>>> print(open('final.cif').read())   # mmCIF, C-alpha atoms
data_data
#
loop_
_atom_site.label_atom_id
_atom_site.label_comp_id
_atom_site.auth_asym_id
_atom_site.auth_seq_id
_atom_site.Cartn_x
_atom_site.Cartn_y
_atom_site.Cartn_z
CA MET A 1 -73.80 15.56 -4.09
CA SER A 2 -76.95 14.65 -5.95
CA ASP A 3 -75.91 11.12 -6.90
CA GLN A 4 -77.87 8.69 -4.78
CA PRO A 5 -77.89 4.90 -5.12
CA ILE A 6 -81.23 3.56 -6.32
CA ASP A 7 -82.55 0.01 -6.52
CA PHE A 8 -83.69 0.09 -10.12
CA THR A 9 -82.84 2.31 -13.04
CA GLN A 10 -85.58 3.77 -15.18
CA ARG A 11 -84.48 1.52 -18.06
CA ASN A 12 -84.83 -1.65 -15.97
CA ILE A 13 -88.31 -0.69 -14.82
CA ALA A 14 -89.35 -0.01 -18.43
CA ILE A 15 -88.01 -3.40 -19.54
CA ASP A 16 -89.94 -5.16 -16.74
CA ILE A 17 -93.13 -3.38 -17.75
CA LEU A 18 -92.64 -4.31 -21.41
CA ARG A 19 -92.19 -7.95 -20.42
CA ALA A 20 -95.35 -7.83 -18.33
CA VAL A 21 -97.39 -6.34 -21.17
CA THR A 22 -96.05 -8.94 -23.60
CA MET A 23 -97.02 -11.71 -21.20
CA CYS A 24 -100.51 -10.23 -20.84
CA VAL A 25 -100.99 -10.30 -24.61
CA MET A 26 -99.78 -13.87 -24.85
CA ILE A 27 -102.06 -15.02 -22.07
CA PHE A 28 -105.05 -13.18 -23.53
CA GLU A 29 -104.51 -14.79 -26.94
CA SER A 30 -104.09 -18.21 -25.38
CA VAL A 31 -107.33 -17.87 -23.43
CA HIS A 32 -109.32 -17.06 -26.53
CA GLN A 33 -107.74 -19.88 -28.46
CA ILE A 34 -108.86 -22.48 -25.91
CA LYS A 35 -112.29 -23.50 -27.12
CA ASN A 36 -113.23 -25.82 -24.30
CA LEU A 37 -112.03 -23.66 -21.38
CA ASN A 38 -114.48 -23.92 -18.47
CA ILE A 39 -115.98 -20.71 -17.16
CA LYS A 40 -114.23 -20.85 -13.75
CA THR A 41 -110.79 -21.13 -15.31
CA TYR A 42 -111.64 -18.41 -17.82
CA ARG A 43 -112.58 -15.96 -15.06
CA TYR A 44 -109.42 -16.82 -13.14
CA MET A 45 -107.32 -16.11 -16.21
CA LYS A 46 -109.05 -12.74 -16.65
CA LYS A 47 -108.11 -11.82 -13.08
CA ILE A 48 -104.49 -12.67 -13.78
CA ILE A 49 -104.53 -10.45 -16.85
CA GLY A 50 -106.11 -7.65 -14.80
CA LEU A 51 -103.37 -7.96 -12.20
CA PHE A 52 -100.68 -7.63 -14.84
CA LEU A 53 -102.39 -4.56 -16.26
CA LEU A 54 -102.49 -3.01 -12.79
CA ILE A 55 -98.77 -3.65 -12.36
CA TRP A 56 -98.20 -2.03 -15.73
CA ALA A 57 -100.17 1.08 -14.75
CA ILE A 58 -98.28 1.49 -11.47
CA GLY A 59 -94.98 0.91 -13.22
CA SER A 60 -95.81 3.50 -15.86
CA ALA A 61 -96.46 6.09 -13.15
CA GLN A 62 -93.14 5.22 -11.51
CA VAL A 63 -91.29 5.62 -14.79
CA SER A 64 -92.98 8.96 -15.43
CA ALA A 65 -92.11 10.29 -11.95
CA GLN A 66 -88.55 8.99 -12.22
CA SER A 67 -88.22 10.58 -15.64
CA GLU A 68 -89.36 13.96 -14.29
CA THR A 69 -86.89 13.78 -11.40
CA ASN A 70 -84.04 12.70 -13.66
CA ARG A 71 -84.79 15.54 -16.07
CA LEU A 72 -84.80 18.08 -13.24
CA ASP A 73 -81.59 16.59 -11.81
CA SER A 74 -79.88 17.11 -15.15
CA ILE A 75 -80.97 20.75 -15.15
CA MET A 76 -80.11 21.47 -11.51
CA PRO A 77 -79.00 18.58 -9.27
CA VAL A 78 -79.40 20.26 -5.87
CA ARG A 79 -82.67 21.90 -4.84
CA GLY A 80 -82.32 22.57 -1.15
CA LEU A 81 -83.75 24.42 1.82
CA ALA A 82 -81.66 25.59 4.79
CA ILE A 83 -83.83 26.19 7.84
CA ALA A 84 -83.70 25.90 11.62
CA ALA A 85 -84.94 22.68 13.18
CA PRO A 86 -88.50 23.12 14.44
CA SER A 87 -89.53 23.09 18.06
CA ALA A 88 -91.00 19.87 19.37
CA GLN A 89 -94.38 21.62 19.50
CA LYS A 90 -94.31 22.42 15.76
CA LEU A 91 -92.75 19.15 14.62
CA ASP A 92 -95.95 17.75 13.10
CA LEU A 93 -96.52 20.90 11.09
CA PHE A 94 -92.91 20.78 9.91
CA LEU A 95 -93.35 17.17 8.78
CA LYS A 96 -96.51 18.19 6.92
CA PHE A 97 -94.56 20.97 5.20
CA VAL A 98 -91.85 18.55 4.05
CA GLN A 99 -94.37 15.94 2.89
CA GLU A 100 -96.87 18.22 1.17
CA GLU A 101 -94.76 21.17 -0.01
CA LEU A 102 -91.09 20.25 -0.43
CA ALA A 103 -91.42 16.68 -1.66
CA PRO A 104 -93.94 17.25 -4.51
CA SER A 105 -91.79 20.16 -5.71
CA HIS A 106 -88.71 17.92 -5.92
CA PHE A 107 -86.65 19.55 -3.18
CA ASN A 108 -83.94 16.99 -2.46
CA LEU A 109 -81.79 18.52 0.29
CA LEU A 110 -82.68 19.80 3.76
CA ILE A 111 -79.99 21.65 5.72
CA LEU A 112 -81.37 21.59 9.23
CA ARG A 113 -79.87 24.11 11.65
CA VAL A 114 -79.97 22.11 14.86
CA ASP A 115 -77.28 23.75 17.00
CA TRP A 116 -78.39 23.02 20.60
CA ASN A 117 -81.96 21.97 19.78
CA TYR A 118 -81.28 18.26 20.27
CA ALA A 119 -81.13 16.06 23.35
CA TYR A 120 -77.43 15.22 23.04
CA GLU A 121 -76.31 12.16 24.96
CA SER A 122 -72.60 12.86 24.55
CA HIS A 123 -72.90 16.32 26.14
CA PRO A 124 -76.32 16.81 27.74
CA GLU A 125 -75.10 20.03 29.34
CA LEU A 126 -75.29 21.64 25.88
CA ARG A 127 -78.96 20.88 25.27
CA ASP A 128 -81.57 23.60 24.89
CA PRO A 129 -84.25 23.48 27.63
CA THR A 130 -86.84 21.63 25.47
CA PRO A 131 -84.86 20.03 22.65
CA LEU A 132 -85.91 17.60 19.96
CA THR A 133 -85.59 14.00 21.10
CA ARG A 134 -84.16 11.05 19.21
CA GLU A 135 -87.72 9.95 18.44
CA ASP A 136 -88.50 13.41 17.02
CA VAL A 137 -85.46 13.31 14.79
CA LYS A 138 -86.34 9.86 13.48
CA LYS A 139 -89.69 11.24 12.30
CA ILE A 140 -87.83 13.86 10.27
CA VAL A 141 -85.45 11.20 8.94
CA LYS A 142 -88.36 9.01 7.82
CA VAL A 143 -90.31 11.68 5.98
CA CYS A 144 -87.15 12.81 4.21
CA ARG A 145 -86.03 9.30 3.31
CA ASP A 146 -89.49 8.40 2.02
CA ASN A 147 -89.35 11.40 -0.31
CA GLY A 148 -85.74 11.22 -1.49
CA ILE A 149 -84.59 14.24 0.52
CA ARG A 150 -81.06 14.18 1.93
CA ILE A 151 -80.43 15.80 5.30
CA ALA A 152 -77.41 17.87 6.36
CA PRO A 153 -77.73 18.72 10.07
CA GLN A 154 -75.95 21.91 11.07
CA ILE A 155 -74.13 23.12 14.14
CA ASN A 156 -72.52 26.54 13.87
CA LEU A 157 -68.82 25.91 14.37
CA LEU A 158 -66.07 28.47 14.92
CA GLY A 159 -68.24 31.60 14.67
CA HIS A 160 -71.84 32.39 15.65
CA GLN A 161 -71.28 31.28 19.25
CA SER A 162 -73.42 34.18 20.45
CA TRP A 163 -76.14 36.49 19.23
CA ALA A 164 -76.64 40.00 20.57
CA GLU A 165 -76.59 39.74 24.40
CA THR A 166 -76.85 35.94 24.46
CA THR A 167 -73.86 33.63 24.64
CA TYR A 168 -74.74 30.20 23.29
CA ALA A 169 -74.29 26.84 24.98
CA LEU A 170 -70.74 25.93 23.95
CA LEU A 171 -69.08 29.06 25.34
CA ARG A 172 -71.53 29.32 28.20
CA GLU A 173 -70.60 25.83 29.44
CA TYR A 174 -66.96 25.98 28.32
CA PRO A 175 -65.90 29.63 28.63
CA GLU A 176 -62.26 28.59 28.31
CA PHE A 177 -62.89 28.04 24.57
CA ASP A 178 -63.80 31.72 24.05
CA GLU A 179 -61.58 33.57 21.57
CA THR A 180 -62.36 36.90 23.26
CA PRO A 181 -63.26 36.23 26.92
CA HIS A 182 -62.69 39.90 27.75
CA VAL A 183 -65.72 40.84 25.60
CA ASP A 184 -68.99 40.44 27.53
CA THR A 185 -72.04 39.89 25.33
CA LYS A 186 -74.21 41.43 28.06
CA ASN A 187 -72.72 44.78 27.05
CA TYR A 188 -73.75 44.37 23.40
CA MET A 189 -75.39 47.59 22.18
CA GLY A 190 -75.80 46.77 18.49
CA TRP A 191 -73.52 46.84 15.48
CA PRO A 192 -71.07 48.50 15.02
CA ASN A 193 -69.52 48.74 18.47
CA SER A 194 -66.14 49.46 20.03
CA ASP A 195 -65.50 45.77 20.76
CA GLY A 196 -66.06 44.77 17.14
CA LEU A 197 -68.57 42.23 18.48
CA TYR A 198 -70.98 40.70 16.00
CA CYS A 199 -70.88 37.08 17.15
CA LYS A 200 -68.45 35.28 19.43
CA SER A 201 -66.06 32.59 18.17
CA TYR A 202 -64.33 29.70 19.85
CA CYS A 203 -60.56 29.56 19.60
CA PRO A 204 -59.67 26.97 16.93
CA LEU A 205 -56.33 26.29 18.62
CA HIS A 206 -57.72 25.39 22.04
CA PRO A 207 -56.51 21.83 22.69
CA GLU A 208 -59.82 20.58 24.09
CA VAL A 209 -62.43 22.19 21.84
CA HIS A 210 -62.54 19.55 19.11
CA LYS A 211 -63.02 16.71 21.56
CA ILE A 212 -66.35 18.32 22.47
CA VAL A 213 -67.29 19.54 19.01
CA PHE A 214 -66.60 16.30 17.18
CA ALA A 215 -68.60 14.27 19.70
CA LEU A 216 -71.60 16.47 18.84
CA VAL A 217 -70.97 16.25 15.10
CA ASP A 218 -70.75 12.45 15.23
CA GLU A 219 -73.86 12.10 17.34
CA LEU A 220 -75.87 14.36 15.08
CA THR A 221 -74.83 12.76 11.80
CA ASP A 222 -75.50 9.33 13.29
CA VAL A 223 -78.99 10.12 14.56
CA PHE A 224 -79.89 11.79 11.25
CA GLU A 225 -78.41 8.79 9.37
CA THR A 226 -76.54 11.03 6.95
CA GLN A 227 -73.15 11.50 5.32
CA LEU A 228 -73.54 15.29 5.16
CA PHE A 229 -72.81 17.86 7.84
CA HIS A 230 -73.03 21.65 7.65
CA ALA A 231 -70.66 23.56 9.94
CA GLY A 232 -71.84 27.10 9.20
CA MET A 233 -68.53 29.00 9.57
CA ASP A 234 -69.94 32.23 8.14
CA GLU A 235 -69.44 35.80 9.34
CA VAL A 236 -66.39 34.92 11.45
CA PHE A 237 -65.15 38.32 12.57
CA TYR A 238 -63.29 37.13 15.69
CA ILE A 239 -60.38 34.98 14.56
CA GLY A 240 -56.70 35.27 15.42
CA HIS A 241 -57.62 38.03 17.85
CA ASP A 242 -54.63 39.86 19.32
CA SER A 243 -55.83 39.14 22.85
CA CYS A 244 -55.98 35.36 22.37
CA VAL A 245 -52.99 33.67 24.01
CA ARG A 246 -53.13 30.78 21.52
CA CYS A 247 -53.97 32.22 18.11
CA GLY A 248 -53.21 35.91 18.49
CA GLY A 249 -50.81 36.98 15.76
CA HIS A 250 -51.43 33.93 13.59
CA ASP A 251 -52.38 34.33 9.93
CA LYS A 252 -56.18 34.51 9.81
CA ALA A 253 -56.47 32.67 6.51
CA GLU A 254 -54.34 29.82 7.83
CA LEU A 255 -56.36 29.66 11.05
CA TYR A 256 -59.64 29.53 9.13
CA ALA A 257 -58.31 26.98 6.64
CA GLY A 258 -56.92 24.87 9.48
CA GLU A 259 -60.32 24.67 11.15
CA VAL A 260 -62.15 23.84 7.92
CA THR A 261 -59.57 21.17 7.10
CA LYS A 262 -59.70 19.65 10.57
CA ILE A 263 -63.50 19.31 10.42
CA GLN A 264 -63.48 17.97 6.84
CA ASN A 265 -60.76 15.42 7.65
CA HIS A 266 -62.71 14.21 10.67
CA LEU A 267 -65.84 13.73 8.56
CA ALA A 268 -63.95 12.20 5.64
CA SER A 269 -62.49 9.54 7.92
CA GLN A 270 -66.09 8.31 8.34
CA GLY A 271 -67.08 8.66 4.70
CA LYS A 272 -68.90 11.94 5.37
CA ARG A 273 -68.71 15.37 3.79
CA LEU A 274 -68.51 18.94 5.03
CA MET A 275 -70.66 21.84 3.84
CA ILE A 276 -69.94 25.47 4.78
CA TRP A 277 -71.11 28.96 3.87
CA GLY A 278 -68.74 30.55 1.38
CA ASP A 279 -68.49 34.19 2.49
CA ARG A 280 -65.16 33.90 4.35
CA LEU A 281 -63.52 32.64 1.14
CA ILE A 282 -64.36 35.72 -0.97
CA ASP A 283 -62.20 38.85 -1.00
CA GLY A 284 -64.68 41.50 0.08
CA LYS A 285 -62.47 44.44 -0.93
CA THR A 286 -61.44 43.32 -4.41
CA THR A 287 -64.94 42.18 -5.34
CA GLY A 288 -66.70 45.12 -3.70
CA ILE A 289 -69.04 42.70 -1.94
CA GLY A 290 -68.01 43.88 1.52
CA ALA A 291 -67.69 42.42 5.01
CA TRP A 292 -70.86 40.29 5.29
CA GLU A 293 -71.24 38.25 2.13
CA ALA A 294 -67.44 38.27 1.81
CA SER A 295 -64.35 38.71 3.99
CA MET A 296 -62.62 41.93 4.96
CA ASN A 297 -60.34 40.30 7.55
CA ASN A 298 -58.09 38.37 5.16
CA THR A 299 -59.58 34.90 5.59
CA TYR A 300 -60.33 34.74 1.85
CA ARG A 301 -56.92 33.27 1.01
CA ALA A 302 -58.05 30.10 2.78
CA ILE A 303 -59.78 29.08 -0.46
CA ASP A 304 -56.42 27.79 -1.72
CA LEU A 305 -55.66 25.95 1.53
CA ILE A 306 -58.76 23.82 2.17
CA PRO A 307 -59.75 20.41 0.71
CA LYS A 308 -61.66 20.51 -2.57
CA ASP A 309 -64.20 18.05 -1.15
CA VAL A 310 -65.79 20.81 0.92
CA PHE A 311 -69.19 21.79 -0.49
CA ILE A 312 -69.62 25.57 -0.70
CA CYS A 313 -72.96 27.27 0.01
CA ASP A 314 -72.53 30.66 -1.67
CA TRP A 315 -75.07 33.06 -0.14
CA HIS A 316 -76.07 36.39 -1.63
CA TYR A 317 -79.32 38.06 -0.69
CA GLU A 318 -79.41 41.59 -2.13
CA ARG A 319 -77.90 40.99 -5.57
CA ALA A 320 -77.47 37.90 -7.74
CA GLU A 321 -73.67 37.95 -7.38
CA GLN A 322 -72.10 35.37 -9.67
CA THR A 323 -69.35 34.20 -7.34
CA ALA A 324 -70.39 30.57 -7.89
CA VAL A 325 -68.14 30.78 -10.96
CA TYR A 326 -65.19 31.65 -8.72
CA PHE A 327 -65.74 28.61 -6.51
CA ALA A 328 -66.21 26.30 -9.51
CA MET A 329 -63.00 27.61 -11.07
CA LYS A 330 -61.23 26.74 -7.82
CA GLY A 331 -62.54 23.17 -8.07
CA PHE A 332 -65.34 23.25 -5.47
CA ASP A 333 -68.90 22.01 -5.75
CA VAL A 334 -71.10 25.03 -5.12
CA ALA A 335 -74.75 25.95 -4.68
CA THR A 336 -76.08 29.50 -4.75
CA CYS A 337 -78.14 30.47 -1.71
CA PRO A 338 -80.89 33.14 -1.84
CA TRP A 339 -83.09 34.31 1.03
CA ARG A 340 -86.15 36.52 1.05
CA LYS A 341 -86.22 38.39 -2.27
CA PRO A 342 -88.11 36.27 -4.83
CA GLN A 343 -86.84 38.05 -7.93
CA ILE A 344 -83.23 37.70 -6.79
CA ALA A 345 -83.78 33.99 -6.11
CA LEU A 346 -85.34 33.40 -9.54
CA GLN A 347 -82.44 35.21 -11.20
CA GLN A 348 -80.03 33.00 -9.26
CA VAL A 349 -81.84 29.90 -10.53
CA ASP A 350 -81.51 31.13 -14.10
CA ASP A 351 -77.84 31.95 -13.54
CA MET A 352 -77.14 28.49 -12.16
CA ILE A 353 -78.83 26.82 -15.12
CA HIS A 354 -76.86 29.08 -17.48
CA PHE A 355 -73.57 28.19 -15.76
CA ARG A 356 -74.30 24.48 -16.11
CA GLN A 357 -75.36 24.72 -19.74
CA HIS A 358 -72.59 27.00 -20.96
CA SER A 359 -69.55 25.61 -19.16
CA ASN A 360 -67.25 22.79 -20.16
CA PRO A 361 -68.00 19.44 -18.49
CA GLU A 362 -65.28 19.82 -15.85
CA MET A 363 -66.65 23.20 -14.75
CA SER A 364 -70.31 22.37 -15.27
CA ARG A 365 -70.32 19.50 -12.78
CA HIS A 366 -69.35 21.86 -9.96
CA PHE A 367 -72.46 24.05 -10.40
CA GLN A 368 -74.77 22.02 -8.19
CA GLY A 369 -77.90 24.12 -7.76
CA ILE A 370 -79.86 26.32 -5.37
CA ILE A 371 -80.28 26.19 -1.58
CA GLU A 372 -82.94 28.59 -0.33
CA THR A 373 -82.29 29.93 3.18
CA VAL A 374 -84.72 30.77 5.97
CA TRP A 375 -83.52 32.84 8.93
CA SER A 376 -86.79 33.58 10.69
CA GLY A 377 -86.81 30.31 12.63
CA ALA A 378 -88.79 27.25 11.57
CA ASP A 379 -91.83 27.90 13.75
CA SER A 380 -92.37 31.49 12.66
CA PHE A 381 -91.64 30.53 9.05
CA LEU A 382 -94.32 27.85 9.10
CA GLU A 383 -96.80 30.27 10.63
CA ALA A 384 -96.10 32.73 7.83
CA TYR A 385 -96.07 30.08 5.11
CA TYR A 386 -99.59 28.90 5.95
CA ASN A 387 -100.94 32.43 6.43
CA PRO A 388 -102.58 33.75 3.21
CA THR A 389 -101.80 37.37 4.10
CA THR A 390 -98.07 36.60 3.81
CA TYR A 391 -98.35 36.51 0.04
CA LYS A 392 -99.20 40.20 -0.16
CA GLN A 393 -95.56 40.88 0.76
CA GLU A 394 -92.82 41.41 -1.79
CA VAL A 395 -89.94 40.56 0.57
CA SER A 396 -90.45 37.30 2.46
CA ASP A 397 -88.69 33.95 2.80
CA ALA A 398 -92.07 32.18 2.63
CA VAL A 399 -92.95 33.97 -0.61
CA THR A 400 -89.51 33.11 -2.00
CA VAL A 401 -90.00 29.41 -1.19
CA LYS A 402 -93.37 29.51 -2.98
CA LYS A 403 -91.80 31.11 -6.05
CA LEU A 404 -89.05 28.48 -6.12
CA ILE A 405 -91.65 25.72 -5.87
CA GLU A 406 -93.39 27.20 -8.92
CA LYS A 407 -90.07 27.49 -10.73
CA TYR A 408 -89.07 23.88 -10.09
CA LYS A 409 -92.44 22.61 -11.29
CA ALA A 410 -92.07 24.66 -14.45
CA LEU A 411 -88.58 23.29 -15.03
CA GLU A 412 -89.72 19.68 -14.73
CA ASN A 413 -92.32 20.30 -17.44
CA GLN A 414 -89.90 21.82 -19.94
#
>>> encode(input="final.cif", output="structure tokens")
Amino acid sequence: MSDQPIDFTQRNIAIDILRAVTMCVMIFESVHQIKNLNIKTYRYMKKIIGLFLLIWAIGSAQVSAQSETNRLDSIMPVRGLAIAAPSAQKLDLFLKFVQEELAPSHFNLLILRVDWNYAYESHPELRDPTPLTREDVKKIVKVCRDNGIRIAPQINLLGHQSWAETTYALLREYPEFDETPHVDTKNYMGWPNSDGLYCKSYCPLHPEVHKIVFALVDELTDVFETQLFHAGMDEVFYIGHDSCVRCGGHDKAELYAGEVTKIQNHLASQGKRLMIWGDRLIDGKTTGIGAWEASMNNTYRAIDLIPKDVFICDWHYERAEQTAVYFAMKGFDVATCPWRKPQIALQQVDDMIHFRQHSNPEMSRHFQGIIETVWSGADSFLEAYYNPTTYKQEVSDAVTVKKLIEKYKALENQ
């Protein structure tokens, strides 16, 4: 996940600098040994030496920065942020945040929850009213590329097709994909409810759904120029519903695994990789974790049915649950994902470092790092982040990001 091709290794840069310094010394000695050198030539030679020294100084800074990044990568390869894509109106502030906050702190992954906030060409009927344009996205791509930050755009697939009374674009425009069409989100009165409605799902066995979904996935990964895609797939409560004419009665774990596998295979055929949240793969009853950060509807057995190339984002917000070990033992790359409690997040960082340092090499390589999550929306997060009064709070995603920034800077100086 964290391995990225680079043009020059640190060793090669150091060798080049050493050669330049050696040449400078040789030239300097030669100049002083020439007794009859005219003044014009002498000054010219001094400028050449000065230029070499400038190159050396710049190169030294590059080596130092590269060394810091390499050291931090060895401690914790993935240092990510999962956040909604900003509105077009707040794009410049978002770019400033990436450039001035994330990049200097060595964040190297941005999971950007786009959903319908993009001007899709393949299916314009699914656009939000004022979505990000291609030009907007390219600004995000540039600032991330310039700072060594990989992007994983996200569309919530399978679950999270609604929220409260609102049905989102996919099921609104294609109601035939709805797993539970008899449940009307307009009647949502909060959780729990008699319909068992938290969020709607599309039916994974509908014969036409993937034609639409994969067109969006391909367009988004292409415009973001990335080999990573995050499909969400968390908190899927509606799956294999008895009322569904296609998947009712099917094994829920097999249905979930089938959808994960179908998406991963589609991406893999293009040299791309799938990321998902890990809650549906944890047995909520046996672990005692429950129905939100784990599964109580028997999807957890899917962990033995999906490709090992899937990257697991293991989110836990109230306790520093150590389920990353479970995913690593199953052969998956995994990152732990905190939210708005700084002390929990810092404990999760320490746990991840401990896992990497005290596991055998085969296990250790699967413990990839930390991905902080923000669920307040990018615009409101940015408003809070740049508001000094925010930092009087003990529970806040902005405060947690700040604490992680401090932690990463401390780690690079160890």
>>> residues_around(input="final.cif", residues="A:Ala302", least_positions_apart="6", cutoff="8 Å", atoms="only C-alpha atoms", output="list of chain:residue names")
A:Ala253, A:Glu254, A:Tyr256, A:Ala257, A:Leu281
>>> write_last_selection(input="final.cif", atoms="C-alpha atoms", output="short mmCIF file (atom, residue, chain, number, x, y, z; two decimals), in the coordinates of the input")
data_model
loop_
_atom_site.label_atom_id
_atom_site.label_comp_id
_atom_site.auth_asym_id
_atom_site.auth_seq_id
_atom_site.Cartn_x
_atom_site.Cartn_y
_atom_site.Cartn_z
CA ALA A 253 -56.47 32.67 6.51
CA GLU A 254 -54.34 29.82 7.83
CA TYR A 256 -59.64 29.53 9.13
CA ALA A 257 -58.31 26.98 6.64
CA LEU A 281 -63.52 32.64 1.14
#
>>> residues_around(input="final.cif", residues="A:Ala291", least_positions_apart="2", cutoff="12 Å", atoms="all atoms listed in the file", output="PDB file with C-alpha atoms, keeping the file's coordinate frame")
ATOM      1  CA  TYR A 198     -70.980  40.700  16.000  1.00  0.00           C
ATOM      2  CA  ASP A 234     -69.940  32.230   8.140  1.00  0.00           C
ATOM      3  CA  GLU A 235     -69.440  35.800   9.340  1.00  0.00           C
ATOM      4  CA  VAL A 236     -66.390  34.920  11.450  1.00  0.00           C
ATOM      5  CA  PHE A 237     -65.150  38.320  12.570  1.00  0.00           C
ATOM      6  CA  ASP A 279     -68.490  34.190   2.490  1.00  0.00           C
ATOM      7  CA  ARG A 280     -65.160  33.900   4.350  1.00  0.00           C
ATOM      8  CA  LEU A 281     -63.520  32.640   1.140  1.00  0.00           C
ATOM      9  CA  ILE A 282     -64.360  35.720  -0.970  1.00  0.00           C
ATOM     10  CA  ASP A 283     -62.200  38.850  -1.000  1.00  0.00           C
ATOM     11  CA  GLY A 284     -64.680  41.500   0.080  1.00  0.00           C
ATOM     12  CA  LYS A 285     -62.470  44.440  -0.930  1.00  0.00           C
ATOM     13  CA  THR A 286     -61.440  43.320  -4.410  1.00  0.00           C
ATOM     14  CA  THR A 287     -64.940  42.180  -5.340  1.00  0.00           C
ATOM     15  CA  GLY A 288     -66.700  45.120  -3.700  1.00  0.00           C
ATOM     16  CA  ILE A 289     -69.040  42.700  -1.940  1.00  0.00           C
ATOM     17  CA  GLU A 293     -71.240  38.250   2.130  1.00  0.00           C
ATOM     18  CA  ALA A 294     -67.440  38.270   1.810  1.00  0.00           C
ATOM     19  CA  SER A 295     -64.350  38.710   3.990  1.00  0.00           C
ATOM     20  CA  MET A 296     -62.620  41.930   4.960  1.00  0.00           C
ATOM     21  CA  ASN A 297     -60.340  40.300   7.550  1.00  0.00           C
ATOM     22  CA  ASN A 298     -58.090  38.370   5.160  1.00  0.00           C
ATOM     23  CA  THR A 299     -59.580  34.900   5.590  1.00  0.00           C
ATOM     24  CA  TYR A 300     -60.330  34.740   1.850  1.00  0.00           C
TER      25      TYR A 300
END
>>> resolve_selection(input="final.cif", expression="the PyMOL selection byres ((chain A and resi 156-164) around 10)", output="ChimeraX atom specification")
/A:113-116,154-155,165-172,178-179,185-191,197-204,213,217,230-239,256,259-260,263,276
>>> write_last_selection(input="final.cif", atoms="C-alpha atoms", output="compact mmCIF listing (two decimals), in the frame of the given file")
# COMPACT_ATOMS: atom_id res chain seq x y z
CA ARG A 113 -79.87 24.11 11.65
CA VAL A 114 -79.97 22.11 14.86
CA ASP A 115 -77.28 23.75 17.00
CA TRP A 116 -78.39 23.02 20.60
CA GLN A 154 -75.95 21.91 11.07
CA ILE A 155 -74.13 23.12 14.14
CA GLU A 165 -76.59 39.74 24.40
CA THR A 166 -76.85 35.94 24.46
CA THR A 167 -73.86 33.63 24.64
CA TYR A 168 -74.74 30.20 23.29
CA ALA A 169 -74.29 26.84 24.98
CA LEU A 170 -70.74 25.93 23.95
CA LEU A 171 -69.08 29.06 25.34
CA ARG A 172 -71.53 29.32 28.20
CA ASP A 178 -63.80 31.72 24.05
CA GLU A 179 -61.58 33.57 21.57
CA THR A 185 -72.04 39.89 25.33
CA LYS A 186 -74.21 41.43 28.06
CA ASN A 187 -72.72 44.78 27.05
CA TYR A 188 -73.75 44.37 23.40
CA MET A 189 -75.39 47.59 22.18
CA GLY A 190 -75.80 46.77 18.49
CA TRP A 191 -73.52 46.84 15.48
CA LEU A 197 -68.57 42.23 18.48
CA TYR A 198 -70.98 40.70 16.00
CA CYS A 199 -70.88 37.08 17.15
CA LYS A 200 -68.45 35.28 19.43
CA SER A 201 -66.06 32.59 18.17
CA TYR A 202 -64.33 29.70 19.85
CA CYS A 203 -60.56 29.56 19.60
CA PRO A 204 -59.67 26.97 16.93
CA VAL A 213 -67.29 19.54 19.01
CA VAL A 217 -70.97 16.25 15.10
CA HIS A 230 -73.03 21.65 7.65
CA ALA A 231 -70.66 23.56 9.94
CA GLY A 232 -71.84 27.10 9.20
CA MET A 233 -68.53 29.00 9.57
CA ASP A 234 -69.94 32.23 8.14
CA GLU A 235 -69.44 35.80 9.34
CA VAL A 236 -66.39 34.92 11.45
CA PHE A 237 -65.15 38.32 12.57
CA TYR A 238 -63.29 37.13 15.69
CA ILE A 239 -60.38 34.98 14.56
CA TYR A 256 -59.64 29.53 9.13
CA GLU A 259 -60.32 24.67 11.15
CA VAL A 260 -62.15 23.84 7.92
CA ILE A 263 -63.50 19.31 10.42
CA ILE A 276 -69.94 25.47 4.78
>>> closest_residue(input="final.cif", among="A:Ile303, A:Lys308, A:Glu101, A:Gln343", to="A:Tyr326", atoms="all atoms listed in the file")
A:Ile303
>>> residues_around(input="final.cif", residues="stretch 353-359 of chain A", least_positions_apart="3", cutoff="9 Å", atoms="all atoms listed in the file", output="ChimeraX atom specification")
/A:75-76,324-325,348-350,362-369
